[in-house]
Amino acid sequence: MTSHDNENIELNMEEESQEKPQYPFSVAVKFRGANHPYCFGSFDSKYKKGDWVVVETEQGLEMGYVESDALSVEKYNLKMPEKPVIRIANDYDHQNYLENDEYEKEAFAVCAEEIEYLGLDMNLLSAEYTLDRSKALFIYLAEQRVDFRELLKRLGSRLRCRIELRQIGERDKAKMVGGIGLCGMECCCRRFKNRFDVISINMAKNQLLALNTEKLSGVCGKLMCCLQYEDDLYQEKTEGLPKMGTQVEYEGDIFRITAMNVMSEEAKLENHETVLFLTLDELREKAIPRKGVVMQRKNDGEEKKVIVKTNSHTTENEPKHVSMELPTVDVNITNNNSDNKRERNRGRNRVNRPRKEDNKQNENKNITVRTFGKKKTNE
């Protein structure tokens with residue numbers, strides 16, 4: 001490509017940018033079945049909240065209602081709309097809008113019939129008409145690409161309009177159909193999300209979550225969108241920290257990182273003798289990662305591990321307990337009465353306890369032995 005051709009391309013781009021109209025007002029319009037409004041340009045601020053308007057979209061003419069009053073693009077520093085608002089909807093537009101519901105049901109049935117006749121592996125989800133019924137849009141779900149050229153011909157001859165077939169994925173289907181997530185709320189894609197973000201398993205690793213695909217997947221079967229919400233915060237909190245399960249050297253001893261809580265900023269280090277709790281700052285600054293080092297076992301495993309918490313000044317061999325003893329009171333009691341009570345209690349225990357020898361004799365009695373169908377009793 002020569003320099004002359006590059007100049008021609010730049011000139012064409014400048015001409016196209018100059019040809020785009022600069023709308024002074026932006027109008028938020030919401031369509032039927034959409035979960036968020038879209039912005040359209042206008043040269044007039046007469047459009048108010050609740051008005052039904054006809055707008056120009058990429059599909060053609062559509063009808064929707066205004067979500068809010070027209071706003072000044074310059075005053076509120078809004079993004080310049082690309083498509084305009086044509087007019088306020090009249091009676092004829094309202095009539096077509098209501099009739100499209102019945103025509104869309106008929107178109108859906110026709111398309112489903114043709115798909116079954118041609119034996120195509122596709123799941124039809126919806127059928128939509130433009131306001132003037134000059135174009136029909138069919139949305140379907142399929143695992144692989146489908147050759148629908150014959151289907152286009154048959155639908156065009158029966159419906160007498162332009163046909164568009166659009167294939168979507170599982171996430172788009174969940175956004176269209178909706179559902180309840182694991183949190184008990186409506187799916188984010190249906191409620192407020194305008195576009196899908198790239199979700200990877202590394203986001204779950206950054207948040208130290210168990211890599212269980214069933215718990216990390218949404219109703220669409222893909223990784224949940226909410227894994228991306230706190231990913232930046234977890235990356236900032238875990239920056240410079242060793243990974244989970246690595247061996248580190250701390251104050252001359254070798255430990256293994258067995259647990260880490262980013263929200264409470266605490267890490268758990270453990271070896272054969274000691275369980276150590278550190279803050280993330282201490283782990284980042286004082287712990288040195290070691291590879292190929294084997295922890296030596298110094299005890300026989302019978303002694304309890306020493307629990308050390310660096311954020312407190314106490315070292316514990318055993319868990320603390322609260323004393324439940326009552327305060328002592330000086331009372332004059334004769335020793336003879338206490339000794340007599342002890343002897344009585346011992347006598348009762350001896351009477352109530354059965355002897356081991358008696359139990360063995362009772363067990364040996366009444367033992368039956370069966371040999372060749374005959375029953376003999378040991379004497």
# chains A, B, ... in the order shown; residues from 1 in each chain; ligands from 1
call {"tool": "select_by_dssp", "arguments": {"residues": "stretch 31-168 of chain A", "states": "helix (DSSP H, G or I)", "output": "count of residues only"}}
result
39
call {"tool": "residues_around", "arguments": {"residues": "A:Glu285", "least_positions_apart": "2", "cutoff": "12 Å", "atoms": "only C-alpha atoms", "output": "count of residues only"}}
result
17
call {"tool": "atom_distance", "arguments": {"atom1": "atom CA of A:Pro37", "atom2": "atom CA of A:Ser200"}}
result
28.9 Å
call {"tool": "residues_around", "arguments": {"residues": "A:Glu273", "least_positions_apart": "2", "cutoff": "7 Å", "atoms": "only C-alpha atoms", "output": "number ranges by chain"}}
result
A: 271, 305-306
call {"tool": "residues_around", "arguments": {"residues": "A:Met63", "least_positions_apart": "4", "cutoff": "9 Å", "atoms": "only C-alpha atoms", "output": "ChimeraX atom specification"}}
result
/A:29-32,52-56,89,93-94,97,130-131
call {"tool": "closest_residue", "arguments": {"among": "A:Glu186, A:Leu155, A:Leu208, A:Arg290", "to": "A:Gln247", "atoms": "only C-alpha atoms"}}
result
A:Arg290
call {"tool": "closest_residue", "arguments": {"among": "A:Gly41, A:Tyr92, A:Ser134, A:Gly169", "to": "A:Gly60", "atoms": "only C-alpha atoms"}}
result
A:Ser134
call {"tool": "residues_around", "arguments": {"residues": "stretch 45-48 of chain A", "least_positions_apart": "4", "cutoff": "9 Å", "atoms": "only C-alpha atoms", "output": "number ranges by chain"}}
result
A: 24-27, 53, 66-72, 88
